[in-house]
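**Q** Sending over protein-v1.pdb (PDB, C-alpha atoms).
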```pdb
ATOM      1  CA  MET A   1      15.510  16.358 -15.418  1.00  0.00           C
ATOM      2  CA  ALA A   2      15.338  12.582 -15.760  1.00  0.00           C
ATOM      3  CA  THR A   3      11.768  11.363 -15.959  1.00  0.00           C
ATOM      4  CA  LEU A   4      10.579   8.314 -14.085  1.00  0.00           C
ATOM      5  CA  ASP A   5      10.001   6.565 -17.395  1.00  0.00           C
ATOM      6  CA  GLU A   6      13.621   7.220 -18.416  1.00  0.00           C
ATOM      7  CA  LEU A   7      14.851   5.828 -15.100  1.00  0.00           C
ATOM      8  CA  MET A   8      12.732   2.720 -15.621  1.00  0.00           C
ATOM      9  CA  GLN A   9      14.702   2.053 -18.818  1.00  0.00           C
ATOM     10  CA  LEU A  10      17.911   1.523 -16.813  1.00  0.00           C
ATOM     11  CA  PRO A  11      19.223  -2.052 -16.613  1.00  0.00           C
ATOM     12  CA  GLY A  12      17.721  -3.868 -13.642  1.00  0.00           C
ATOM     13  CA  ALA A  13      15.266  -1.059 -12.790  1.00  0.00           C
ATOM     14  CA  MET A  14      12.599  -2.297 -10.393  1.00  0.00           C
ATOM     15  CA  ALA A  15      11.024   1.022  -9.510  1.00  0.00           C
ATOM     16  CA  ALA A  16      11.500   4.750  -9.996  1.00  0.00           C
ATOM     17  CA  PHE A  17      10.149   7.433  -7.725  1.00  0.00           C
ATOM     18  CA  GLU A  18      10.003  11.108  -6.838  1.00  0.00           C
ATOM     19  CA  PHE A  19       9.914  12.485  -3.327  1.00  0.00           C
ATOM     20  CA  ARG A  20       9.959  15.729  -1.405  1.00  0.00           C
ATOM     21  CA  GLY A  21      12.961  16.908   0.592  1.00  0.00           C
ATOM     22  CA  SER A  22      11.012  15.889   3.687  1.00  0.00           C
ATOM     23  CA  GLY A  23      10.699  12.353   2.317  1.00  0.00           C
ATOM     24  CA  GLU A  24       7.066  12.111   1.192  1.00  0.00           C
ATOM     25  CA  LEU A  25       6.608   9.970  -1.882  1.00  0.00           C
ATOM     26  CA  LEU A  26       5.064  11.973  -4.717  1.00  0.00           C
ATOM     27  CA  GLU A  27       4.995   9.673  -7.736  1.00  0.00           C
ATOM     28  CA  GLN A  28       6.293   6.261  -8.673  1.00  0.00           C
ATOM     29  CA  ARG A  29       6.640   3.611 -11.366  1.00  0.00           C
ATOM     30  CA  ILE A  30       6.892  -0.021 -10.304  1.00  0.00           C
ATOM     31  CA  ALA A  31       8.022  -2.832 -12.589  1.00  0.00           C
ATOM     32  CA  TYR A  32       7.580  -5.716 -10.152  1.00  0.00           C
ATOM     33  CA  PRO A  33       4.671  -5.010  -7.785  1.00  0.00           C
ATOM     34  CA  GLU A  34       5.030  -8.460  -6.252  1.00  0.00           C
ATOM     35  CA  ARG A  35       8.509  -7.438  -5.005  1.00  0.00           C
ATOM     36  CA  ILE A  36       8.209  -3.744  -4.196  1.00  0.00           C
ATOM     37  CA  ASN A  37       5.134  -1.646  -3.509  1.00  0.00           C
ATOM     38  CA  GLU A  38       4.179   1.968  -2.870  1.00  0.00           C
ATOM     39  CA  SER A  39       4.390   1.575   0.884  1.00  0.00           C
ATOM     40  CA  THR A  40       7.971   0.298   0.664  1.00  0.00           C
ATOM     41  CA  LEU A  41       8.917   3.103  -1.706  1.00  0.00           C
ATOM     42  CA  ASP A  42       7.469   5.632   0.731  1.00  0.00           C
ATOM     43  CA  LEU A  43       9.710   4.413   3.540  1.00  0.00           C
ATOM     44  CA  LEU A  44      12.664   4.151   1.172  1.00  0.00           C
ATOM     45  CA  ALA A  45      12.087   7.757   0.090  1.00  0.00           C
ATOM     46  CA  HIS A  46      12.142   8.890   3.719  1.00  0.00           C
ATOM     47  CA  MET A  47      15.361   6.955   4.299  1.00  0.00           C
ATOM     48  CA  CYS A  48      16.948   8.523   1.215  1.00  0.00           C
ATOM     49  CA  ALA A  49      15.877  12.040   2.224  1.00  0.00           C
ATOM     50  CA  ALA A  50      17.502  11.504   5.615  1.00  0.00           C
ATOM     51  CA  ASN A  51      20.700  10.197   4.019  1.00  0.00           C
ATOM     52  CA  MET A  52      20.922  13.093   1.581  1.00  0.00           C
ATOM     53  CA  SER A  53      20.659  15.534   4.476  1.00  0.00           C
ATOM     54  CA  ILE A  54      23.249  13.743   6.595  1.00  0.00           C
ATOM     55  CA  ALA A  55      25.631  13.279   3.679  1.00  0.00           C
ATOM     56  CA  THR A  56      25.315  16.953   2.835  1.00  0.00           C
ATOM     57  CA  MET A  57      26.248  17.866   6.402  1.00  0.00           C
ATOM     58  CA  GLN A  58      29.224  15.507   6.205  1.00  0.00           C
ATOM     59  CA  ALA A  59      30.380  16.914   2.871  1.00  0.00           C
ATOM     60  CA  ARG A  60      30.215  20.391   4.349  1.00  0.00           C
ATOM     61  CA  GLY A  61      32.244  19.329   7.368  1.00  0.00           C
ATOM     62  CA  TRP A  62      34.731  17.345   5.294  1.00  0.00           C
ATOM     63  CA  GLU A  63      35.466  20.293   3.026  1.00  0.00           C
ATOM     64  CA  LYS A  64      35.915  22.572   6.011  1.00  0.00           C
ATOM     65  CA  VAL A  65      38.337  20.342   7.891  1.00  0.00           C
ATOM     66  CA  THR A  66      40.378  19.067   4.929  1.00  0.00           C
ATOM     67  CA  HIS A  67      40.147  22.135   2.652  1.00  0.00           C
ATOM     68  CA  MET A  68      39.341  19.740  -0.191  1.00  0.00           C
ATOM     69  CA  LYS A  69      36.647  20.788  -2.666  1.00  0.00           C
ATOM     70  CA  GLY A  70      34.176  19.033  -4.942  1.00  0.00           C
ATOM     71  CA  PHE A  71      32.014  17.161  -2.431  1.00  0.00           C
ATOM     72  CA  TYR A  72      29.422  19.774  -1.478  1.00  0.00           C
ATOM     73  CA  PRO A  73      26.591  19.792  -2.359  1.00  0.00           C
ATOM     74  CA  ILE A  74      25.962  16.057  -2.563  1.00  0.00           C
ATOM     75  CA  GLN A  75      24.338  15.310  -5.908  1.00  0.00           C
ATOM     76  CA  GLU A  76      23.517  11.627  -5.537  1.00  0.00           C
ATOM     77  CA  PHE A  77      23.347   9.051  -2.785  1.00  0.00           C
ATOM     78  CA  THR A  78      23.527   5.317  -3.474  1.00  0.00           C
ATOM     79  CA  LEU A  79      22.927   2.487  -1.045  1.00  0.00           C
ATOM     80  CA  VAL A  80      24.109  -0.875  -2.338  1.00  0.00           C
ATOM     81  CA  GLY A  81      22.015  -3.388  -0.455  1.00  0.00           C
ATOM     82  CA  PHE A  82      22.407  -7.143  -0.510  1.00  0.00           C
ATOM     83  CA  ASP A  83      20.305  -7.707  -3.648  1.00  0.00           C
ATOM     84  CA  TRP A  84      18.991  -4.227  -4.464  1.00  0.00           C
ATOM     85  CA  SER A  85      20.471  -0.776  -4.789  1.00  0.00           C
ATOM     86  CA  VAL A  86      18.820   2.602  -4.585  1.00  0.00           C
ATOM     87  CA  VAL A  87      20.228   5.666  -6.334  1.00  0.00           C
ATOM     88  CA  VAL A  88      18.709   9.076  -5.600  1.00  0.00           C
ATOM     89  CA  SER A  89      19.550  12.461  -7.033  1.00  0.00           C
ATOM     90  CA  GLY A  90      19.054  16.023  -5.886  1.00  0.00           C
ATOM     91  CA  LEU A  91      20.937  17.556  -8.804  1.00  0.00           C
ATOM     92  CA  ASP A  92      17.883  19.242 -10.308  1.00  0.00           C
ATOM     93  CA  ARG A  93      17.235  20.932  -6.989  1.00  0.00           C
ATOM     94  CA  GLU A  94      20.780  22.297  -6.991  1.00  0.00           C
ATOM     95  CA  ARG A  95      20.300  23.590 -10.523  1.00  0.00           C
ATOM     96  CA  PHE A  96      17.159  25.407  -9.428  1.00  0.00           C
ATOM     97  CA  LYS A  97      18.987  26.848  -6.418  1.00  0.00           C
ATOM     98  CA  ASP A  98      21.776  28.106  -8.688  1.00  0.00           C
ATOM     99  CA  ARG A  99      19.153  29.955 -10.693  1.00  0.00           C
ATOM    100  CA  GLY A 100      17.717  31.529  -7.572  1.00  0.00           C
ATOM    101  CA  LYS A 101      14.380  29.702  -7.804  1.00  0.00           C
ATOM    102  CA  ALA A 102      12.363  29.640  -4.604  1.00  0.00           C
ATOM    103  CA  SER A 103      10.425  26.481  -5.444  1.00  0.00           C
ATOM    104  CA  LEU A 104      12.494  23.328  -5.870  1.00  0.00           C
ATOM    105  CA  PRO A 105      11.700  20.177  -7.887  1.00  0.00           C
ATOM    106  CA  PRO A 106      11.470  16.796  -6.139  1.00  0.00           C
ATOM    107  CA  PHE A 107      14.317  14.343  -5.639  1.00  0.00           C
ATOM    108  CA  THR A 108      14.321  11.437  -8.076  1.00  0.00           C
ATOM    109  CA  GLY A 109      15.289   7.855  -7.304  1.00  0.00           C
ATOM    110  CA  VAL A 110      15.557   4.433  -8.857  1.00  0.00           C
ATOM    111  CA  VAL A 111      15.713   0.952  -7.332  1.00  0.00           C
ATOM    112  CA  LEU A 112      18.003  -1.428  -9.224  1.00  0.00           C
ATOM    113  CA  ALA A 113      18.615  -5.166  -9.015  1.00  0.00           C
ATOM    114  CA  ASN A 114      22.319  -5.478  -8.155  1.00  0.00           C
ATOM    115  CA  GLU A 115      23.019  -8.245 -10.650  1.00  0.00           C
ATOM    116  CA  LYS A 116      22.150  -5.888 -13.535  1.00  0.00           C
ATOM    117  CA  ALA A 117      22.836  -2.520 -11.908  1.00  0.00           C
ATOM    118  CA  ASP A 118      24.719  -0.006 -14.033  1.00  0.00           C
ATOM    119  CA  TYR A 119      25.569   2.841 -11.667  1.00  0.00           C
ATOM    120  CA  GLU A 120      27.307   4.889 -14.344  1.00  0.00           C
ATOM    121  CA  ALA A 121      24.191   4.753 -16.510  1.00  0.00           C
ATOM    122  CA  ALA A 122      22.023   5.740 -13.546  1.00  0.00           C
ATOM    123  CA  PHE A 123      24.201   8.788 -12.807  1.00  0.00           C
ATOM    124  CA  ALA A 124      24.368   9.720 -16.493  1.00  0.00           C
ATOM    125  CA  THR A 125      20.576   9.616 -16.751  1.00  0.00           C
ATOM    126  CA  MET A 126      20.105  11.647 -13.596  1.00  0.00           C
ATOM    127  CA  GLU A 127      22.781  14.173 -14.552  1.00  0.00           C
ATOM    128  CA  LYS A 128      21.845  14.693 -18.180  1.00  0.00           C
ATOM    129  CA  PRO A 129      21.973  18.354 -19.164  1.00  0.00           C
ATOM    130  CA  GLU A 130      18.735  20.257 -19.133  1.00  0.00           C
ATOM    131  CA  PRO A 131      17.214  20.986 -22.542  1.00  0.00           C
ATOM    132  CA  ALA A 132      17.876  24.474 -23.836  1.00  0.00           C
ATOM    133  CA  PRO A 133      14.944  26.856 -23.109  1.00  0.00           C
TER     134      PRO A 133
ATOM    135  CA  MET B   1      51.960  -5.821  -3.067  1.00  0.00           C
ATOM    136  CA  SER B   2      48.938  -4.937  -0.972  1.00  0.00           C
ATOM    137  CA  MET B   3      45.690  -5.991  -2.622  1.00  0.00           C
ATOM    138  CA  ILE B   4      44.115  -2.580  -2.163  1.00  0.00           C
ATOM    139  CA  ARG B   5      46.815  -0.960  -4.285  1.00  0.00           C
ATOM    140  CA  ARG B   6      45.044  -2.624  -7.222  1.00  0.00           C
ATOM    141  CA  ILE B   7      42.148  -0.243  -6.681  1.00  0.00           C
ATOM    142  CA  LEU B   8      44.419   2.793  -6.822  1.00  0.00           C
ATOM    143  CA  ALA B   9      45.445   1.707 -10.310  1.00  0.00           C
ATOM    144  CA  LEU B  10      41.884   2.140 -11.623  1.00  0.00           C
ATOM    145  CA  ASP B  11      41.030   5.268 -13.591  1.00  0.00           C
ATOM    146  CA  GLY B  12      39.853   8.144 -11.432  1.00  0.00           C
ATOM    147  CA  VAL B  13      40.756   6.636  -8.050  1.00  0.00           C
ATOM    148  CA  ASN B  14      42.743   9.167  -6.023  1.00  0.00           C
ATOM    149  CA  VAL B  15      42.777   7.564  -2.580  1.00  0.00           C
ATOM    150  CA  VAL B  16      41.972   4.133  -1.181  1.00  0.00           C
ATOM    151  CA  CYS B  17      41.902   3.133   2.481  1.00  0.00           C
ATOM    152  CA  HIS B  18      41.373  -0.080   4.405  1.00  0.00           C
ATOM    153  CA  PHE B  19      39.947   0.329   7.904  1.00  0.00           C
ATOM    154  CA  ARG B  20      39.403  -1.883  10.908  1.00  0.00           C
ATOM    155  CA  ASP B  21      35.940  -2.655  12.317  1.00  0.00           C
ATOM    156  CA  ASP B  22      36.317   0.246  14.756  1.00  0.00           C
ATOM    157  CA  GLY B  23      37.263   2.713  12.009  1.00  0.00           C
ATOM    158  CA  TYR B  24      41.020   2.685  12.637  1.00  0.00           C
ATOM    159  CA  LEU B  25      43.039   3.179   9.450  1.00  0.00           C
ATOM    160  CA  LEU B  26      44.979   0.012   8.624  1.00  0.00           C
ATOM    161  CA  GLU B  27      46.480   1.098   5.322  1.00  0.00           C
ATOM    162  CA  GLY B  28      45.935   3.864   2.855  1.00  0.00           C
ATOM    163  CA  TYR B  29      47.372   4.879  -0.487  1.00  0.00           C
ATOM    164  CA  GLY B  30      47.034   7.860  -2.768  1.00  0.00           C
ATOM    165  CA  LEU B  31      47.122  11.614  -2.876  1.00  0.00           C
ATOM    166  CA  MET B  32      46.176  12.471   0.695  1.00  0.00           C
ATOM    167  CA  ALA B  33      47.900  13.227   3.969  1.00  0.00           C
ATOM    168  CA  ARG B  34      47.914  10.424   6.532  1.00  0.00           C
ATOM    169  CA  ASP B  35      45.764  12.452   8.963  1.00  0.00           C
ATOM    170  CA  ASP B  36      43.089  12.923   6.340  1.00  0.00           C
ATOM    171  CA  MET B  37      43.215   9.226   5.464  1.00  0.00           C
ATOM    172  CA  ALA B  38      42.523   8.462   9.116  1.00  0.00           C
ATOM    173  CA  ARG B  39      39.573  10.879   8.993  1.00  0.00           C
ATOM    174  CA  LEU B  40      38.312   9.270   5.793  1.00  0.00           C
ATOM    175  CA  ALA B  41      38.518   5.810   7.372  1.00  0.00           C
ATOM    176  CA  GLN B  42      36.609   6.957  10.447  1.00  0.00           C
ATOM    177  CA  PHE B  43      33.990   8.694   8.325  1.00  0.00           C
ATOM    178  CA  ALA B  44      33.528   5.594   6.143  1.00  0.00           C
ATOM    179  CA  HIS B  45      33.218   3.423   9.218  1.00  0.00           C
ATOM    180  CA  ASP B  46      30.569   5.719  10.723  1.00  0.00           C
ATOM    181  CA  TYR B  47      28.666   5.955   7.464  1.00  0.00           C
ATOM    182  CA  ARG B  48      28.780   2.204   7.055  1.00  0.00           C
ATOM    183  CA  ARG B  49      27.185   1.737  10.457  1.00  0.00           C
ATOM    184  CA  MET B  50      24.513   4.272   9.621  1.00  0.00           C
ATOM    185  CA  ALA B  51      23.763   2.632   6.261  1.00  0.00           C
ATOM    186  CA  GLN B  52      23.606  -0.751   7.963  1.00  0.00           C
ATOM    187  CA  GLY B  53      21.122   0.616  10.503  1.00  0.00           C
ATOM    188  CA  ASN B  54      19.000   2.207   7.810  1.00  0.00           C
ATOM    189  CA  ALA B  55      18.909  -0.981   5.746  1.00  0.00           C
ATOM    190  CA  ASP B  56      18.001  -3.024   8.824  1.00  0.00           C
ATOM    191  CA  GLN B  57      15.151  -0.670   9.689  1.00  0.00           C
ATOM    192  CA  LEU B  58      13.920  -0.533   6.109  1.00  0.00           C
ATOM    193  CA  ALA B  59      13.795  -4.343   6.040  1.00  0.00           C
ATOM    194  CA  MET B  60      12.097  -4.491   9.428  1.00  0.00           C
ATOM    195  CA  PHE B  61       9.436  -1.877   8.664  1.00  0.00           C
ATOM    196  CA  THR B  62       8.622  -3.050   5.143  1.00  0.00           C
ATOM    197  CA  GLY B  63       9.276  -6.784   5.362  1.00  0.00           C
ATOM    198  CA  MET B  64      11.149  -6.538   2.051  1.00  0.00           C
ATOM    199  CA  ARG B  65      14.085  -8.902   1.803  1.00  0.00           C
ATOM    200  CA  GLY B  66      17.221  -8.111  -0.140  1.00  0.00           C
ATOM    201  CA  TRP B  67      18.367  -4.871   1.485  1.00  0.00           C
ATOM    202  CA  THR B  68      20.387  -6.224   4.361  1.00  0.00           C
ATOM    203  CA  PRO B  69      23.222  -6.704   5.008  1.00  0.00           C
ATOM    204  CA  PRO B  70      24.179  -3.878   2.651  1.00  0.00           C
ATOM    205  CA  HIS B  71      27.353  -4.154   0.594  1.00  0.00           C
ATOM    206  CA  GLY B  72      28.206  -0.464   0.499  1.00  0.00           C
ATOM    207  CA  TRP B  73      27.357   3.053  -0.546  1.00  0.00           C
ATOM    208  CA  VAL B  74      28.346   5.912  -2.843  1.00  0.00           C
ATOM    209  CA  LEU B  75      28.154   9.631  -2.114  1.00  0.00           C
ATOM    210  CA  ARG B  76      28.545  11.644  -5.278  1.00  0.00           C
ATOM    211  CA  GLY B  77      29.532  15.276  -4.976  1.00  0.00           C
ATOM    212  CA  VAL B  78      30.053  17.892  -7.665  1.00  0.00           C
ATOM    213  CA  THR B  79      33.441  16.636  -8.862  1.00  0.00           C
ATOM    214  CA  GLN B  80      34.428  14.026  -6.247  1.00  0.00           C
ATOM    215  CA  SER B  81      32.757  10.871  -4.972  1.00  0.00           C
ATOM    216  CA  VAL B  82      33.284   8.601  -1.994  1.00  0.00           C
ATOM    217  CA  CYS B  83      32.682   4.884  -2.604  1.00  0.00           C
ATOM    218  CA  SER B  84      32.782   2.190   0.044  1.00  0.00           C
ATOM    219  CA  ILE B  85      32.310  -1.568   0.097  1.00  0.00           C
ATOM    220  CA  GLY B  86      32.988  -3.555   3.249  1.00  0.00           C
ATOM    221  CA  ASN B  87      35.990  -2.117   5.085  1.00  0.00           C
ATOM    222  CA  LEU B  88      37.336  -0.306   2.047  1.00  0.00           C
ATOM    223  CA  VAL B  89      36.733   3.265   0.977  1.00  0.00           C
ATOM    224  CA  CYS B  90      38.029   5.280  -1.936  1.00  0.00           C
ATOM    225  CA  LEU B  91      37.849   8.819  -3.235  1.00  0.00           C
ATOM    226  CA  VAL B  92      37.307   9.142  -6.955  1.00  0.00           C
ATOM    227  CA  ASP B  93      37.241  11.857  -9.570  1.00  0.00           C
ATOM    228  CA  ASN B  94      33.775  11.913 -11.172  1.00  0.00           C
ATOM    229  CA  ASP B  95      35.000  12.773 -14.661  1.00  0.00           C
ATOM    230  CA  GLU B  96      37.603  10.025 -14.882  1.00  0.00           C
ATOM    231  CA  ALA B  97      36.184   7.217 -12.776  1.00  0.00           C
ATOM    232  CA  LEU B  98      34.546   4.110 -14.219  1.00  0.00           C
ATOM    233  CA  LEU B  99      32.308   3.576 -11.273  1.00  0.00           C
ATOM    234  CA  ASN B 100      30.965   0.142 -12.200  1.00  0.00           C
ATOM    235  CA  GLU B 101      34.509  -1.196 -12.453  1.00  0.00           C
ATOM    236  CA  ILE B 102      35.521   0.453  -9.188  1.00  0.00           C
ATOM    237  CA  MET B 103      32.537  -1.016  -7.337  1.00  0.00           C
ATOM    238  CA  LEU B 104      33.281  -4.487  -8.700  1.00  0.00           C
ATOM    239  CA  GLU B 105      36.931  -4.234  -7.728  1.00  0.00           C
ATOM    240  CA  LEU B 106      36.109  -2.916  -4.250  1.00  0.00           C
ATOM    241  CA  ARG B 107      33.748  -5.823  -3.780  1.00  0.00           C
ATOM    242  CA  GLU B 108      36.311  -8.358  -4.903  1.00  0.00           C
ATOM    243  CA  VAL B 109      39.158  -6.950  -2.826  1.00  0.00           C
ATOM    244  CA  SER B 110      36.925  -6.543   0.251  1.00  0.00           C
ATOM    245  CA  HIS B 111      36.624 -10.336   0.399  1.00  0.00           C
ATOM    246  CA  TRP B 112      40.392 -10.851   0.712  1.00  0.00           C
TER     247      TRP B 112
END
```
Can you dump the structure from the file as structure tokens?
**A**
Amino acid sequence: MATLDELMQLPGAMAAFEFRGSGELLEQRIAYPERINESTLDLLAHMCAANMSIATMQARGWEKVTHMKGFYPIQEFTLVGFDWSVVVSGLDRERFKDRGKASLPPFTGVVLANEKADYEAAFATMEKPEPAP
Amino acid sequence: MSMIRRILALDGVNVVCHFRDDGYLLEGYGLMARDDMARLAQFAHDYRRMAQGNADQLAMFTGMRGWTPPHGWVLRGVTQSVCSIGNLVCLVDNDEALLNEIMLELREVSHW
């Protein structure tokens, strides 16, 4: 599982955060408090939780109607805004589900400045294999 | 040659579509039936509107500039991803795609 501190090492990282499936912000790191604050991250987390749910529904429907595979479950959602992007991941939750765990870890997210954003690096950090037990 | 064919030449890109502002498929290339391309175009159009609405509301509720108007979005599944900028959308293979390059190219071509 990528830690918030690891996400903050990504190029252009402005903030990293964790949130519940229902959207509540749990923890955060903020590099530029004059640009983004906890209150903004809380609303952003709710927006991302909503988008993950909707995208998951759409992936389910898409696979059913087209018979294509590989979309469901959605692992990451990215919104590329005008100056900022947000990348959120629910991959760790899916890993826990695969293992039959009842309690799921939070979603993780990172806010990136578009001019430096490296989406591949963000996905690689969020998708890094879990350490062997 | 259509400009959007350039995107199909990038590693990992399996399908690319250009859609009208109402979601109608204008042109599409790649490994997909025409009916599914039309569905993909409509889906991308709908998702674009939703993302636009979310970014607008985020900006309104927080007062934070820089989110709107959004350029695009990426939905990353287990092995496949959907990437969209402007009125373009493409399906990519996660293992082969160089996503940064694809996003840059989508952005450039979307301005044509």
**Q** Nearest to Ala117 in chain A: which of A:Val87, A:Arg93, A:Ala16, A:Leu43 is it, counting only C-alpha atoms?
**A**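 Checking each candidate against Ala117 in chain A, we get A:Val87 as the closest.
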**Q** Identify all residues satisfying the ChimeraX specification (/A :<7) & /B in the given file; provide them as a compact mmCIF listing (two decimals) with C-alpha atoms, in the frame of the given file.
**A**
```txt
# COMPACT_ATOMS: atom_id res chain seq x y z
CA ASP B 36 43.09 12.92 6.34
CA ASN B 54 19.00 2.21 7.81
CA LEU B 58 13.92 -0.53 6.11
CA THR B 62 8.62 -3.05 5.14
CA GLY B 66 17.22 -8.11 -0.14
CA TRP B 67 18.37 -4.87 1.48
CA THR B 68 20.39 -6.22 4.36
CA PRO B 69 23.22 -6.70 5.01
CA PRO B 70 24.18 -3.88 2.65
CA HIS B 71 27.35 -4.15 0.59
CA GLY B 72 28.21 -0.46 0.50
CA TRP B 73 27.36 3.05 -0.55
CA VAL B 74 28.35 5.91 -2.84
CA LEU B 75 28.15 9.63 -2.11
CA ARG B 76 28.54 11.64 -5.28
CA GLY B 77 29.53 15.28 -4.98
CA VAL B 78 30.05 17.89 -7.66
CA THR B 79 33.44 16.64 -8.86
CA GLN B 80 34.43 14.03 -6.25
CA SER B 81 32.76 10.87 -4.97
CA LEU B 99 32.31 3.58 -11.27
CA ASN B 100 30.96 0.14 -12.20
```
**Q** Figure out the distance between CA of Gln57 in chain B and CA of Ala49 in chain A, please, to one decimal in Å.
**A**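 The value is 14.8 Å.
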**Q** Just give me the gap between CA of Arg20 in chain A and CA of Pro106 in chain A in Å, one decimal is fine.
**A**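 These two atoms are separated by 5.1 Å.
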**Q** For a test of reading the model, state the distance in Å between CA of Ser110 in chain B and CA of Ile7 in chain B, rounded to one decimal.
**A** 10.7 Å
**Q** May I ask which of the residues B:Arg65, B:His45, B:Arg6, B:Arg107 is the closest one to Gly30 in chain B, counting all atoms listed in the file?
**A** B:Arg6
**Q** Could you give me, as a list in words, the residues within 12 Å of Ala38 in chain B, counting all atoms listed in the file and dropping anything in the same chain fewer than 2 positions from it?
**A**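 My reading of the contact set: Thr66 of chain A; Val15, Val16, Cys17, His18, Phe19, Arg20, Asp22, Gly23, Tyr24, Leu25, Leu26, Glu27, Gly28, Tyr29, Met32, Ala33, Arg34, Asp35, Asp36, Leu40, Ala41, Gln42, Phe43, Ala44, His45 and Val89 of chain B.
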**Q** Can you sort out the box for range 21-34 of chain A, edges along x, y and z, all listed atoms in, 6 Å on every side, with centre and edge lengths in Å to one decimal, as JSON?
**A**
```
{"center_x": 8.8, "center_y": 4.2, "center_z": -4.5, "size_x": 20.3, "size_y": 37.4, "size_z": 28.3}
```
**Q** Start from the incomplete input, build N, CA and C atoms for range 74-91 of chain B, and deliver everything as a PDB file, in the frame of the given file.
**A**
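The file below, out-v7.pdb, is the result:
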```
ATOM      1  N   VAL B  74      27.615   4.908  -2.053  1.00  0.00           N
ATOM      2  CA  VAL B  74      28.346   5.912  -2.843  1.00  0.00           C
ATOM      3  C   VAL B  74      27.745   7.275  -2.535  1.00  0.00           C
ATOM      4  N   LEU B  75      28.586   8.243  -2.233  1.00  0.00           N
ATOM      5  CA  LEU B  75      28.154   9.631  -2.114  1.00  0.00           C
ATOM      6  C   LEU B  75      28.829  10.406  -3.238  1.00  0.00           C
ATOM      7  N   ARG B  76      28.011  10.986  -4.088  1.00  0.00           N
ATOM      8  CA  ARG B  76      28.545  11.644  -5.278  1.00  0.00           C
ATOM      9  C   ARG B  76      28.404  13.151  -5.136  1.00  0.00           C
ATOM     10  N   GLY B  77      29.530  13.823  -5.056  1.00  0.00           N
ATOM     11  CA  GLY B  77      29.532  15.276  -4.976  1.00  0.00           C
ATOM     12  C   GLY B  77      29.658  15.894  -6.357  1.00  0.00           C
ATOM     13  N   VAL B  78      30.017  17.161  -6.398  1.00  0.00           N
ATOM     14  CA  VAL B  78      30.053  17.892  -7.665  1.00  0.00           C
ATOM     15  C   VAL B  78      31.144  17.346  -8.585  1.00  0.00           C
ATOM     16  N   THR B  79      32.343  17.168  -8.037  1.00  0.00           N
ATOM     17  CA  THR B  79      33.441  16.636  -8.862  1.00  0.00           C
ATOM     18  C   THR B  79      34.091  15.409  -8.238  1.00  0.00           C
ATOM     19  N   GLN B  80      33.802  15.139  -6.967  1.00  0.00           N
ATOM     20  CA  GLN B  80      34.428  14.026  -6.247  1.00  0.00           C
ATOM     21  C   GLN B  80      33.353  13.112  -5.675  1.00  0.00           C
ATOM     22  N   SER B  81      33.679  11.818  -5.594  1.00  0.00           N
ATOM     23  CA  SER B  81      32.757  10.871  -4.972  1.00  0.00           C
ATOM     24  C   SER B  81      33.501  10.038  -3.944  1.00  0.00           C
ATOM     25  N   VAL B  82      32.754   9.542  -2.975  1.00  0.00           N
ATOM     26  CA  VAL B  82      33.284   8.601  -1.994  1.00  0.00           C
ATOM     27  C   VAL B  82      32.538   7.290  -2.196  1.00  0.00           C
ATOM     28  N   CYS B  83      33.284   6.201  -2.373  1.00  0.00           N
ATOM     29  CA  CYS B  83      32.682   4.884  -2.604  1.00  0.00           C
ATOM     30  C   CYS B  83      33.211   3.933  -1.536  1.00  0.00           C
ATOM     31  N   SER B  84      32.327   3.126  -0.979  1.00  0.00           N
ATOM     32  CA  SER B  84      32.782   2.190   0.044  1.00  0.00           C
ATOM     33  C   SER B  84      32.070   0.859  -0.085  1.00  0.00           C
ATOM     34  N   ILE B  85      32.832  -0.202   0.026  1.00  0.00           N
ATOM     35  CA  ILE B  85      32.310  -1.568   0.097  1.00  0.00           C
ATOM     36  C   ILE B  85      33.073  -2.248   1.232  1.00  0.00           C
ATOM     37  N   GLY B  86      32.329  -2.881   2.136  1.00  0.00           N
ATOM     38  CA  GLY B  86      32.988  -3.555   3.249  1.00  0.00           C
ATOM     39  C   GLY B  86      33.838  -2.581   4.047  1.00  0.00           C
ATOM     40  N   ASN B  87      35.090  -2.970   4.312  1.00  0.00           N
ATOM     41  CA  ASN B  87      35.990  -2.117   5.085  1.00  0.00           C
ATOM     42  C   ASN B  87      36.958  -1.325   4.203  1.00  0.00           C
ATOM     43  N   LEU B  88      36.523  -1.086   2.979  1.00  0.00           N
ATOM     44  CA  LEU B  88      37.336  -0.306   2.047  1.00  0.00           C
ATOM     45  C   LEU B  88      36.592   0.965   1.661  1.00  0.00           C
ATOM     46  N   VAL B  89      37.342   2.019   1.445  1.00  0.00           N
ATOM     47  CA  VAL B  89      36.733   3.265   0.977  1.00  0.00           C
ATOM     48  C   VAL B  89      37.692   3.920   0.000  1.00  0.00           C
ATOM     49  N   CYS B  90      37.154   4.543  -1.026  1.00  0.00           N
ATOM     50  CA  CYS B  90      38.029   5.280  -1.936  1.00  0.00           C
ATOM     51  C   CYS B  90      37.398   6.599  -2.348  1.00  0.00           C
ATOM     52  N   LEU B  91      38.261   7.532  -2.682  1.00  0.00           N
ATOM     53  CA  LEU B  91      37.849   8.819  -3.235  1.00  0.00           C
ATOM     54  C   LEU B  91      38.119   8.785  -4.727  1.00  0.00           C
TER      55      LEU B  91
END
```
